[in-house]
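Peer 1: Contents of protein.pdb (PDB, C-alpha atoms and all ligand atoms):
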MODEL        1
ATOM      1  CA  MET J  20      97.680  96.960  81.650
ATOM      2  CA  LYS J  21      94.036  95.961  82.122
ATOM      3  CA  LYS J  22      93.744  94.141  85.454
ATOM      4  CA  VAL J  23      96.188  95.083  88.183
ATOM      5  CA  LEU J  24      97.106  93.610  91.563
ATOM      6  CA  ILE J  25      98.748  96.091  93.950
ATOM      7  CA  THR J  26     100.550  95.091  97.165
ATOM      8  CA  GLY J  27     101.065  97.560 100.011
ATOM      9  CA  SER J  28      97.891  99.365  98.925
ATOM     10  CA  LEU J  29      97.402 101.178 102.214
ATOM     11  CA  GLY J  30     100.810 102.876 102.033
ATOM     12  CA  GLN J  31     101.641 106.399 100.857
ATOM     13  CA  ILE J  32     101.975 105.439  97.164
ATOM     14  CA  GLY J  33      99.497 102.550  97.212
ATOM     15  CA  SER J  34      96.493 104.462  98.479
ATOM     16  CA  GLU J  35      96.812 107.086  95.716
ATOM     17  CA  LEU J  36      97.660 104.582  92.991
ATOM     18  CA  VAL J  37      94.623 102.441  93.857
ATOM     19  CA  GLU J  38      92.337 105.488  93.664
ATOM     20  CA  ARG J  39      93.786 106.580  90.311
ATOM     21  CA  LEU J  40      93.721 103.105  88.697
ATOM     22  CA  ARG J  41      90.157 102.489  89.884
ATOM     23  CA  LYS J  42      89.233 105.668  87.969
ATOM     24  CA  ASP J  43      91.285 104.711  84.876
ATOM     25  CA  LEU J  44      90.536 100.973  84.668
ATOM     26  CA  GLY J  45      87.296 100.557  86.640
ATOM     27  CA  ASN J  46      86.757  99.166  90.157
ATOM     28  CA  ASP J  47      86.626  95.540  89.010
ATOM     29  CA  ASN J  48      90.066  95.768  87.433
ATOM     30  CA  VAL J  49      92.078  96.862  90.472
ATOM     31  CA  ILE J  50      92.842  94.304  93.179
ATOM     32  CA  ALA J  51      94.081  96.244  96.187
ATOM     33  CA  THR J  52      95.899  94.160  98.801
ATOM     34  CA  ASP J  53      97.656  94.810 102.086
ATOM     35  CA  ILE J  54      98.666  92.829 105.145
ATOM     36  CA  ARG J  55      95.845  94.417 107.138
ATOM     37  CA  LYS J  56      92.380  95.799 106.496
ATOM     38  CA  LEU J  57      91.541  99.298 107.727
ATOM     39  CA  ASP J  58      87.823  99.643 108.357
ATOM     40  CA  GLY J  59      86.412 102.722 106.680
ATOM     41  CA  ASN J  60      89.506 103.308 104.514
ATOM     42  CA  PRO J  61      88.408 103.876 100.868
ATOM     43  CA  VAL J  62      91.141 101.491  99.623
ATOM     44  CA  CYS J  63      89.354  98.691 101.526
ATOM     45  CA  THR J  64      85.757  99.794 101.025
ATOM     46  CA  GLU J  65      85.439 101.309  97.556
ATOM     47  CA  GLY J  66      86.545  98.394  95.382
ATOM     48  CA  ILE J  67      88.105  94.950  95.530
ATOM     49  CA  PHE J  68      90.339  94.484  98.568
ATOM     50  CA  GLU J  69      92.121  91.310  99.728
ATOM     51  CA  ILE J  70      94.313  90.737 102.779
ATOM     52  CA  LEU J  71      97.714  89.547 101.531
ATOM     53  CA  ASP J  72     100.982  88.922 103.347
ATOM     54  CA  VAL J  73     103.507  89.136 100.504
ATOM     55  CA  MET J  74     105.722  86.619 102.328
ATOM     56  CA  ASN J  75     103.065  83.960 101.673
ATOM     57  CA  TYR J  76     103.728  82.928  98.067
ATOM     58  CA  ASP J  77     100.843  80.451  97.764
ATOM     59  CA  ASN J  78      98.318  83.020  98.894
ATOM     60  CA  PHE J  79      99.890  85.695  96.653
ATOM     61  CA  LEU J  80      99.633  83.406  93.610
ATOM     62  CA  ALA J  81      96.092  82.288  94.507
ATOM     63  CA  ILE J  82      94.806  85.886  94.684
ATOM     64  CA  ALA J  83      96.548  86.849  91.414
ATOM     65  CA  LYS J  84      95.075  83.751  89.713
ATOM     66  CA  LYS J  85      91.587  84.291  91.139
ATOM     67  CA  TYR J  86      91.345  87.699  89.440
ATOM     68  CA  HIS J  87      93.313  86.821  86.255
ATOM     69  CA  VAL J  88      95.566  89.861  86.675
ATOM     70  CA  ASP J  89      97.863  90.973  83.839
ATOM     71  CA  THR J  90     100.001  93.367  85.915
ATOM     72  CA  VAL J  91     101.564  93.142  89.398
ATOM     73  CA  ILE J  92     102.604  96.363  91.130
ATOM     74  CA  HIS J  93     104.578  95.438  94.217
ATOM     75  CA  LEU J  94     104.775  98.272  96.751
ATOM     76  CA  ALA J  95     104.892  96.413 100.100
ATOM     77  CA  ALA J  96     108.271  97.143 101.707
ATOM     78  CA  LEU J  97     109.963  98.705 104.737
ATOM     79  CA  LEU J  98     111.313 102.230 104.159
ATOM     80  CA  SER J  99     114.789 103.461 105.089
ATOM     81  CA  ALA J 100     114.451 104.534 108.730
ATOM     82  CA  THR J 101     112.327 101.516 109.716
ATOM     83  CA  ALA J 102     114.647  99.071 107.950
ATOM     84  CA  GLU J 103     117.597 100.602 109.821
ATOM     85  CA  LYS J 104     115.857  99.814 113.135
ATOM     86  CA  ASN J 105     115.386  96.175 112.160
ATOM     87  CA  PRO J 106     117.802  95.327 109.332
ATOM     88  CA  LYS J 107     117.113  91.583 109.287
ATOM     89  CA  PHE J 108     113.376  92.085 108.919
ATOM     90  CA  GLY J 109     114.117  94.803 106.321
ATOM     91  CA  TRP J 110     116.071  92.299 104.231
ATOM     92  CA  ASP J 111     113.561  89.460 104.748
ATOM     93  CA  LEU J 112     110.494  91.517 103.816
ATOM     94  CA  ASN J 113     111.989  93.639 101.030
ATOM     95  CA  MET J 114     113.773  90.760  99.303
ATOM     96  CA  GLY J 115     111.425  87.871 100.179
ATOM     97  CA  GLY J 116     108.332  89.880  99.208
ATOM     98  CA  LEU J 117     109.959  91.008  95.954
ATOM     99  CA  MET J 118     111.028  87.493  94.998
ATOM    100  CA  ASN J 119     107.487  86.185  95.623
ATOM    101  CA  ALA J 120     106.030  89.042  93.575
ATOM    102  CA  LEU J 121     108.451  88.340  90.707
ATOM    103  CA  ASP J 122     107.632  84.624  90.861
ATOM    104  CA  VAL J 123     103.908  85.433  90.587
ATOM    105  CA  ALA J 124     104.649  87.671  87.580
ATOM    106  CA  LYS J 125     106.767  84.906  86.020
ATOM    107  CA  GLU J 126     104.151  82.206  86.662
ATOM    108  CA  LEU J 127     101.226  84.253  85.287
ATOM    109  CA  LYS J 128     103.261  86.116  82.617
ATOM    110  CA  THR J 129     102.182  89.523  83.901
ATOM    111  CA  LYS J 130     103.811  92.921  83.598
ATOM    112  CA  PHE J 131     105.683  93.922  86.725
ATOM    113  CA  PHE J 132     106.566  97.118  88.581
ATOM    114  CA  ALA J 133     108.367  97.553  91.916
ATOM    115  CA  PRO J 134     109.864 100.868  93.018
ATOM    116  CA  SER J 135     113.522 101.440  93.728
ATOM    117  CA  SER J 136     114.804 104.628  95.377
ATOM    118  CA  ILE J 137     117.504 107.288  95.458
ATOM    119  CA  ALA J 138     118.607 105.190  98.469
ATOM    120  CA  ALA J 139     120.096 102.661  96.030
ATOM    121  CA  TYR J 140     123.103 105.011  95.761
ATOM    122  CA  GLY J 141     125.794 105.230  98.408
ATOM    123  CA  PRO J 142     128.242 107.893  99.536
ATOM    124  CA  ASP J 143     130.838 107.052  96.881
ATOM    125  CA  ALA J 144     128.554 107.979  93.963
ATOM    126  CA  ASN J 145     128.889 111.536  92.627
ATOM    127  CA  PRO J 146     126.230 113.291  94.778
ATOM    128  CA  ASN J 147     125.391 115.971  92.223
ATOM    129  CA  HIS J 148     123.500 115.094  89.069
ATOM    130  CA  THR J 149     124.213 111.440  89.971
ATOM    131  CA  PRO J 150     124.305 109.461  86.709
ATOM    132  CA  GLN J 151     121.830 106.691  85.917
ATOM    133  CA  ASP J 152     124.624 104.141  85.586
ATOM    134  CA  THR J 153     127.413 104.513  88.140
ATOM    135  CA  VAL J 154     128.800 102.856  91.285
ATOM    136  CA  MET J 155     126.052 101.789  93.693
ATOM    137  CA  HIS J 156     127.337 100.975  97.157
ATOM    138  CA  PRO J 157     124.545 101.942  99.568
ATOM    139  CA  THR J 158     125.317 101.939 103.287
ATOM    140  CA  THR J 159     121.755 101.376 104.551
ATOM    141  CA  MET J 160     119.834  98.077 104.649
ATOM    142  CA  TYR J 161     117.017  99.725 102.666
ATOM    143  CA  GLY J 162     119.507 100.782  99.984
ATOM    144  CA  VAL J 163     121.080  97.326  99.927
ATOM    145  CA  THR J 164     117.634  95.788  99.285
ATOM    146  CA  LYS J 165     116.941  98.364  96.571
ATOM    147  CA  VAL J 166     120.137  97.611  94.609
ATOM    148  CA  ALA J 167     119.691  93.866  95.097
ATOM    149  CA  GLY J 168     116.028  94.239  94.090
ATOM    150  CA  GLU J 169     116.947  96.094  90.894
ATOM    151  CA  LEU J 170     119.385  93.327  89.971
ATOM    152  CA  LEU J 171     116.849  90.631  90.809
ATOM    153  CA  ALA J 172     114.147  92.263  88.664
ATOM    154  CA  ASN J 173     116.630  92.577  85.770
ATOM    155  CA  TYR J 174     117.554  88.920  86.259
ATOM    156  CA  TYR J 175     113.881  87.871  86.006
ATOM    157  CA  HIS J 176     113.643  89.926  82.833
ATOM    158  CA  THR J 177     116.682  88.460  81.081
ATOM    159  CA  ARG J 178     116.381  84.912  82.456
ATOM    160  CA  TYR J 179     112.594  84.403  82.384
ATOM    161  CA  GLY J 180     111.311  87.194  80.154
ATOM    162  CA  VAL J 181     109.348  88.932  82.950
ATOM    163  CA  ASP J 182     108.386  92.404  81.717
ATOM    164  CA  SER J 183     109.776  94.099  84.837
ATOM    165  CA  ARG J 184     110.053  97.900  85.076
ATOM    166  CA  SER J 185     110.991 100.303  87.865
ATOM    167  CA  VAL J 186     111.879 103.850  88.857
ATOM    168  CA  ARG J 187     114.200 105.134  91.577
ATOM    169  CA  PHE J 188     111.801 107.361  93.512
ATOM    170  CA  PRO J 189     113.015 110.456  95.307
ATOM    171  CA  GLY J 190     111.307 111.597  98.544
ATOM    172  CA  LEU J 191     107.582 111.780  97.771
ATOM    173  CA  ILE J 192     105.269 114.545  98.937
ATOM    174  CA  SER J 193     101.544 113.899  99.337
ATOM    175  CA  TYR J 194      98.588 115.114 101.366
ATOM    176  CA  LYS J 195      96.151 112.171 101.188
ATOM    177  CA  SER J 196      98.105 109.676 103.253
ATOM    178  CA  GLU J 197     101.122 110.345 105.368
ATOM    179  CA  PRO J 198     104.338 108.458 104.691
ATOM    180  CA  GLY J 199     105.729 106.087 107.298
ATOM    181  CA  GLY J 200     109.258 105.108 108.212
ATOM    182  CA  GLY J 201     111.166 107.074 105.565
ATOM    183  CA  THR J 202     114.046 109.545 105.898
ATOM    184  CA  SER J 203     112.486 111.982 103.426
ATOM    185  CA  ASP J 204     109.212 112.082 105.418
ATOM    186  CA  TYR J 205     110.105 115.405 107.043
ATOM    187  CA  ASN J 206     108.856 117.078 103.874
ATOM    188  CA  VAL J 207     105.220 116.043 104.431
ATOM    189  CA  ASP J 208     105.515 116.619 108.175
ATOM    190  CA  MET J 209     106.719 120.178 107.578
ATOM    191  CA  PHE J 210     103.485 120.963 105.711
ATOM    192  CA  TYR J 211     101.326 119.383 108.428
ATOM    193  CA  GLN J 212     103.081 121.253 111.249
ATOM    194  CA  ALA J 213     103.093 124.547 109.321
ATOM    195  CA  LEU J 214      99.303 124.430 109.261
ATOM    196  CA  LEU J 215      98.665 122.768 112.629
ATOM    197  CA  LYS J 216     101.322 124.451 114.828
ATOM    198  CA  GLY J 217     102.975 127.229 112.832
ATOM    199  CA  SER J 218     106.398 125.782 113.605
ATOM    200  CA  TYR J 219     108.459 122.730 112.705
ATOM    201  CA  GLU J 220     111.438 121.002 114.321
ATOM    202  CA  CYS J 221     113.393 119.291 111.552
ATOM    203  CA  TYR J 222     115.368 116.088 112.155
ATOM    204  CA  LEU J 223     117.698 116.732 109.195
ATOM    205  CA  ALA J 224     120.301 119.500 109.214
ATOM    206  CA  GLU J 225     120.183 122.694 107.182
ATOM    207  CA  GLY J 226     121.792 122.094 103.790
ATOM    208  CA  THR J 227     120.769 118.423 103.517
ATOM    209  CA  LYS J 228     119.768 118.350  99.844
ATOM    210  CA  MET J 229     117.539 115.571  98.493
ATOM    211  CA  ASP J 230     115.492 114.919  95.363
ATOM    212  CA  MET J 231     111.731 115.144  95.814
ATOM    213  CA  MET J 232     108.535 114.821  93.818
ATOM    214  CA  TYR J 233     104.817 115.510  94.242
ATOM    215  CA  MET J 234     102.732 112.331  94.417
ATOM    216  CA  ASP J 235     100.682 113.072  91.250
ATOM    217  CA  ASP J 236     103.911 112.987  89.227
ATOM    218  CA  ALA J 237     104.986 109.755  90.934
ATOM    219  CA  ILE J 238     101.671 108.057  90.081
ATOM    220  CA  ASP J 239     101.878 109.279  86.466
ATOM    221  CA  ALA J 240     105.440 107.939  86.277
ATOM    222  CA  ILE J 241     104.370 104.416  87.340
ATOM    223  CA  ILE J 242     101.502 104.353  84.834
ATOM    224  CA  ASN J 243     103.475 105.900  81.966
ATOM    225  CA  LEU J 244     106.427 103.562  82.445
ATOM    226  CA  LEU J 245     104.124 100.517  82.557
ATOM    227  CA  ASN J 246     102.479 101.697  79.334
ATOM    228  CA  ALA J 247     105.777 102.566  77.606
ATOM    229  CA  ASP J 248     106.844 100.754  74.448
ATOM    230  CA  PRO J 249     109.231  97.994  75.674
ATOM    231  CA  LYS J 250     111.316  98.334  72.513
ATOM    232  CA  LYS J 251     112.331 101.846  73.599
ATOM    233  CA  LEU J 252     113.494 100.770  77.077
ATOM    234  CA  VAL J 253     117.256 100.403  77.203
ATOM    235  CA  HIS J 254     117.117 100.451  81.005
ATOM    236  CA  ARG J 255     114.475  98.644  83.035
ATOM    237  CA  ASN J 256     115.375  98.339  86.682
ATOM    238  CA  SER J 257     115.562 101.093  87.502
ATOM    239  CA  PHE J 258     115.164 104.614  86.047
ATOM    240  CA  ASN J 259     116.257 107.745  87.930
ATOM    241  CA  ILE J 260     113.388 110.235  88.161
ATOM    242  CA  THR J 261     113.154 113.541  90.034
ATOM    243  CA  ALA J 262     111.168 116.778  90.031
ATOM    244  CA  PHE J 263     113.318 119.081  92.195
ATOM    245  CA  SER J 264     116.087 118.956  94.774
ATOM    246  CA  LEU J 265     115.533 120.674  98.134
ATOM    247  CA  ALA J 266     117.159 121.163 101.537
ATOM    248  CA  PRO J 267     114.896 121.680 104.614
ATOM    249  CA  GLU J 268     115.456 125.457 104.659
ATOM    250  CA  GLU J 269     114.408 125.680 100.992
ATOM    251  CA  LEU J 270     111.149 123.822 101.590
ATOM    252  CA  PHE J 271     110.631 126.056 104.635
ATOM    253  CA  ALA J 272     111.147 129.177 102.477
ATOM    254  CA  ALA J 273     108.601 127.920  99.931
ATOM    255  CA  ILE J 274     105.979 127.358 102.675
ATOM    256  CA  LYS J 275     106.816 130.661 104.405
ATOM    257  CA  LYS J 276     105.786 132.570 101.277
ATOM    258  CA  HIS J 277     102.218 131.499 102.152
ATOM    259  CA  ILE J 278     102.525 131.375 105.977
ATOM    260  CA  PRO J 279     104.790 134.344 106.881
ATOM    261  CA  ASP J 280     104.935 133.511 110.631
ATOM    262  CA  PHE J 281     106.048 129.919 110.076
ATOM    263  CA  LYS J 282     109.140 129.021 112.161
ATOM    264  CA  LEU J 283     111.792 126.352 111.569
ATOM    265  CA  SER J 284     114.203 124.857 114.116
ATOM    266  CA  TYR J 285     116.455 121.804 114.024
ATOM    267  CA  LYS J 286     116.911 118.761 116.290
ATOM    268  CA  ILE J 287     119.061 116.333 114.357
ATOM    269  CA  ASP J 288     118.285 112.606 114.404
ATOM    270  CA  PRO J 289     121.776 111.089 113.890
ATOM    271  CA  VAL J 290     120.489 107.873 112.258
ATOM    272  CA  LYS J 291     118.271 109.681 109.738
ATOM    273  CA  GLN J 292     120.973 112.299 109.100
ATOM    274  CA  ALA J 293     123.531 109.577 108.309
ATOM    275  CA  ILE J 294     121.048 107.953 105.921
ATOM    276  CA  ALA J 295     120.323 111.259 104.148
ATOM    277  CA  ASP J 296     124.048 112.117 103.962
ATOM    278  CA  SER J 297     124.706 108.835 102.137
ATOM    279  CA  TRP J 298     122.155 109.677  99.408
ATOM    280  CA  PRO J 299     122.620 111.930  96.353
ATOM    281  CA  ASN J 300     121.821 115.653  96.474
ATOM    282  CA  SER J 301     120.300 115.489  93.005
ATOM    283  CA  ILE J 302     120.058 112.733  90.393
ATOM    284  CA  ASP J 303     120.230 112.803  86.598
ATOM    285  CA  ASP J 304     116.945 111.568  85.090
ATOM    286  CA  SER J 305     117.749 112.173  81.417
ATOM    287  CA  ASP J 306     117.440 108.462  80.495
ATOM    288  CA  ALA J 307     113.846 108.329  81.807
ATOM    289  CA  LYS J 308     113.087 111.449  79.748
ATOM    290  CA  LYS J 309     114.684 109.961  76.660
ATOM    291  CA  GLU J 310     113.418 106.378  76.855
ATOM    292  CA  TRP J 311     109.778 106.862  77.940
ATOM    293  CA  GLY J 312     109.138 110.608  78.064
ATOM    294  CA  PHE J 313     109.161 111.186  81.836
ATOM    295  CA  LYS J 314     108.038 114.776  82.478
ATOM    296  CA  PRO J 315     107.023 115.987  85.966
ATOM    297  CA  GLU J 316     104.320 118.674  86.107
ATOM    298  CA  PHE J 317     104.903 120.005  89.619
ATOM    299  CA  ASP J 318     107.769 122.346  90.514
ATOM    300  CA  VAL J 319     108.375 123.497  94.103
ATOM    301  CA  ASP J 320     105.937 126.432  93.974
ATOM    302  CA  LYS J 321     103.104 124.529  92.300
ATOM    303  CA  MET J 322     103.532 121.603  94.720
ATOM    304  CA  THR J 323     103.636 123.927  97.760
ATOM    305  CA  LYS J 324     100.432 125.750  96.754
ATOM    306  CA  GLU J 325      98.617 122.481  96.090
ATOM    307  CA  MET J 326      99.758 120.903  99.384
ATOM    308  CA  LEU J 327      98.629 123.919 101.418
ATOM    309  CA  VAL J 328      95.238 124.164  99.684
ATOM    310  CA  LYS J 329      94.518 120.429  99.977
ATOM    311  CA  LEU J 330      95.699 120.116 103.584
ATOM    312  CA  THR J 331      93.688 123.187 104.604
ATOM    313  CA  GLU J 332      90.581 121.512 103.114
ATOM    314  CA  LYS J 333      91.488 118.252 104.881
ATOM    315  CA  PHE J 334      91.802 119.948 108.293
ATOM    316  CA  LYS J 335      88.410 121.785 108.019
TER     317      LYS J 335
HETATM  318  C1  LIG J 401     112.619 106.954 102.355
HETATM  319  O1  LIG J 401     112.854 108.083 102.833
HETATM  320  O2  LIG J 401     112.996 105.902 102.873
HETATM  321  C2  LIG J 401     111.877 106.876 101.054
HETATM  322  C3  LIG J 401     112.813 106.899  99.892
HETATM  323  C4  LIG J 401     113.504 108.143  99.516
HETATM  324  O3  LIG J 401     112.995 105.893  99.280
HETATM  325  N1  LIG J 401     110.925 107.936 100.963
ENDMDL
END
Please go through the file and, once you have read it, give me the structure as structure tokens.
Ligand code: AKB
Peer 2:
Amino acid sequence: MKKVLITGSLGQIGSELVERLRKDLGNDNVIATDIRKLDGNPVCTEGIFEILDVMNYDNFLAIAKKYHVDTVIHLAALLSATAEKNPKFGWDLNMGGLMNALDVAKELKTKFFAPSSIAAYGPDANPNHTPQDTVMHPTTMYGVTKVAGELLANYYHTRYGVDSRSVRFPGLISYKSEPGGGTSDYNVDMFYQALLKGSYECYLAEGTKMDMMYMDDAIDAIINLLNADPKKLVHRNSFNITAFSLAPEELFAAIKKHIPDFKLSYKIDPVKQAIADSWPNSIDDSDAKKEWGFKPEFDVDKMTKEMLVKLTEKFK
């Protein structure tokens, strides 16, 4: 991986990945793209940035050709709660954008990464320690596009030799940019409200367990998987990865250790609750550990300390 094009660069993962790869590979070797430009945002101002609608294949290919990229990281997609509001657009963007991205990778013979999610599982999978390979019958449009996307990326690998790789991300926790449109987003919001208001009203019920991961580990996972020896990869699209599994009251307890007066209440959002209830409580990531050495650095306490320190600095 020497010259990388990233779609959805202004999103929660994209903005941190762009920053990290600019450090690792140099500013001239990272082509950040998004459907819009945000004036003053470092993603757009501190290196190469191009406006790209991933639904426009010709433009996608032209930008990838212009910079002679050897890797495409495709992050542009609707997340679970947003896709549930507009399922047709969720399908069109998540599948159409992915197919264009895979066609660019096929045409230019680049490496390829696109994330899948714990949302690829449905309610009939064993919710605890959910195996890597098991039934996948998601009941959300986002999940449907994730399973279909995994199959499509595997198809491009076996049919056309595209070096496609992917992980099933859990809910991601980050302080630099806020997530948007996900079901797991309460986790970041809880940190923000703990510091800004001292209280948080959670839209998921007590006991709703979900896998989660600090963003630094997620970024390392993308880079390490892309750099992994292809001969060792039995799986490709897509590897389960997780750092810890938490319910809202457990995240609350971790934050409360540092902010003793912090208060938690609940006001359930039925759509988001149904989405979360259809996902696993905890997934088994032993294949990622075995095949490419996945190893998260942040446990709940380390992540909580880091989030509170960084957000406190941010709010100064
Ligand atoms: C979402 O909540 O939609 C995402 C995910 C778990 O894929 N963060």
Peer 1: What residues have any atom no more than 7 Å from ligand LIG 401 (chain J) when counting only C-alpha atoms and all ligand atoms, and can you list them as a ChimeraX atom specification?
Peer 2: /J:98-100,136-138,188-191,200-204
Peer 1: Got a sec: who's within 8 Å of Asn206 in chain J, counting all atoms listed in the file, leaving out chain neighbours fewer than 5 positions off, as a PyMOL selection string?
Peer 2: chain J and resi 192+267+270
Peer 1: Convert the output of the PyMOL selection byres (((chain J and resi 217) around 12) and not hetatm) on the shown file into explicit residues, formatted as a ChimeraX atom specification.
Peer 2: /J:208-216,218-220,271,274-275,277-284
Peer 1: Find the residue from J:Arg178, J:Arg187, J:Lys42, J:Lys251 that sits nearest to Gly312 in chain J; use only C-alpha atoms when measuring.
Peer 2: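 Closest residue, counting only C-alpha atoms: J:Lys251.
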Peer 1: Run the PyMOL selection byres (((chain J and resi 313-322) around 7) and not hetatm) on the file and write out the hits as a list in words.
Peer 2: Tyr233, Asp236, Ala240, Ala262, Phe263, Ala273, Ala307, Lys308, Trp311, Gly312, Thr323, Lys324, Glu325 and Met326 of chain J
Peer 1: In Å to one decimal, how far is CA of Val23 in chain J from CA of Asn48 in chain J?
Peer 2: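 Distance between the two atoms: 6.2 Å.
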Peer 1: Please report the interatomic distance between CA of Lys291 in chain J and CA of Lys228 in chain J in Å with one decimal.
Peer 2: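 Computed distance, CA of Lys291 in chain J to CA of Lys228 in chain J, equals 13.2 Å.
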Peer 1: Around (125.3, 100.1, 107.3) in the file's frame, which residues reach within 10 Å when counting only C-alpha atoms? Return as a JSON list (two decimals) with C-alpha atoms, in the frame of the given file?
Peer 2:
[["chain", "number", "residue", "atom", "x", "y", "z"],
["J", 103, "GLU", "CA", 117.60, 100.60, 109.82],
["J", 106, "PRO", "CA", 117.80, 95.33, 109.33],
["J", 157, "PRO", "CA", 124.54, 101.94, 99.57],
["J", 158, "THR", "CA", 125.32, 101.94, 103.29],
["J", 159, "THR", "CA", 121.76, 101.38, 104.55],
["J", 160, "MET", "CA", 119.83, 98.08, 104.65],
["J", 161, "TYR", "CA", 117.02, 99.72, 102.67],
["J", 162, "GLY", "CA", 119.51, 100.78, 99.98],
["J", 163, "VAL", "CA", 121.08, 97.33, 99.93],
["J", 293, "ALA", "CA", 123.53, 109.58, 108.31],
["J", 294, "ILE", "CA", 121.05, 107.95, 105.92]]
Peer 1: Quick one, how far is CA of Ala172 in chain J from CA of Asp306 in chain J?
Peer 2: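 Atom-to-atom, CA of Ala172 in chain J to CA of Asp306 in chain J, that is 18.4 Å.
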Peer 1: Which residue out of J:Ser264, J:Ser185, J:Ser297, J:Ser257 has the minimum interatomic distance to Phe132 in chain J when all atoms listed in the file are used?
Peer 2: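 The answer is J:Ser185, which sits nearest to Phe132 in chain J.
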Peer 1: Report as an MDAnalysis selection string all protein, DNA and RNA residues lying within 12 Å of Gly59 in chain J, evaluated on only C-alpha atoms, omitting residues in the same chain fewer than 5 positions from it.
Peer 2: chainID J and resid 29 64:65
Peer 1: Considering all atoms listed in the file, state which residue in the set J:Ala266, J:Val73, J:Met114, J:Leu57 is at the smallest distance from Ala167 in chain J.
Peer 2: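 Counting all atoms listed in the file, the residue closest to Ala167 in chain J is J:Met114.
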Peer 1: Could you pull the residues within 12 Å of Val62 in chain J, counting only C-alpha atoms, minus those fewer than 5 positions along the same chain, as an NGL selection string?
Peer 2: :J and (25-41 or 46 or 49-53 or 55-57 or 67-70 or 195-196)
Peer 1: Suppose a student applies the PyMOL selection byres (((chain J and resi 229) around 7) and not hetatm) to this structure; what residues should they get, written as a PyMOL selection string?
Peer 2: chain J and resi 227-228+230-231+264-266+299-301
Peer 1: Between J:Val186, J:His176, J:Trp298, J:Leu327, which residue has the minimum interatomic distance to Met155 in chain J, considering all atoms listed in the file?
Peer 2: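 Of J:Val186, J:His176, J:Trp298, J:Leu327, the one nearest Met155 in chain J is J:Trp298, counting all atoms listed in the file.
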Peer 1: Taking only C-alpha atoms into account, name the residue in J:Leu171, J:Cys221, J:Leu80, J:Val207 that is nearest to Leu330 in chain J.
Peer 2: J:Val207
Peer 1: Go through J:Lys125, J:Arg255, J:Lys130, J:Lys107 one by one, measure the shortest atom-to-atom distance of each to Tyr175 in chain J using only C-alpha atoms, and give the residue with the smallest value.
Peer 2: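 Looking only at the distances to Tyr175 in chain J, the closest residue turns out to be J:Lys125.
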Peer 1: Skip Lys84 in chain J itself and residues of its chain fewer than 6 positions away, then list as a list in words all residues within 10 Å of it, counting all atoms listed in the file.
Peer 2: Asn78, Val123, Glu126 and Leu127 of chain J
Peer 1: Set the distance at 8 Å and use only C-alpha atoms: which residues neighbour Ala144 in chain J once local chain neighbours fewer than 4 positions away are removed? I'd like the list as a PyMOL selection string.
Peer 2: chain J and resi 140+149+153-156+299
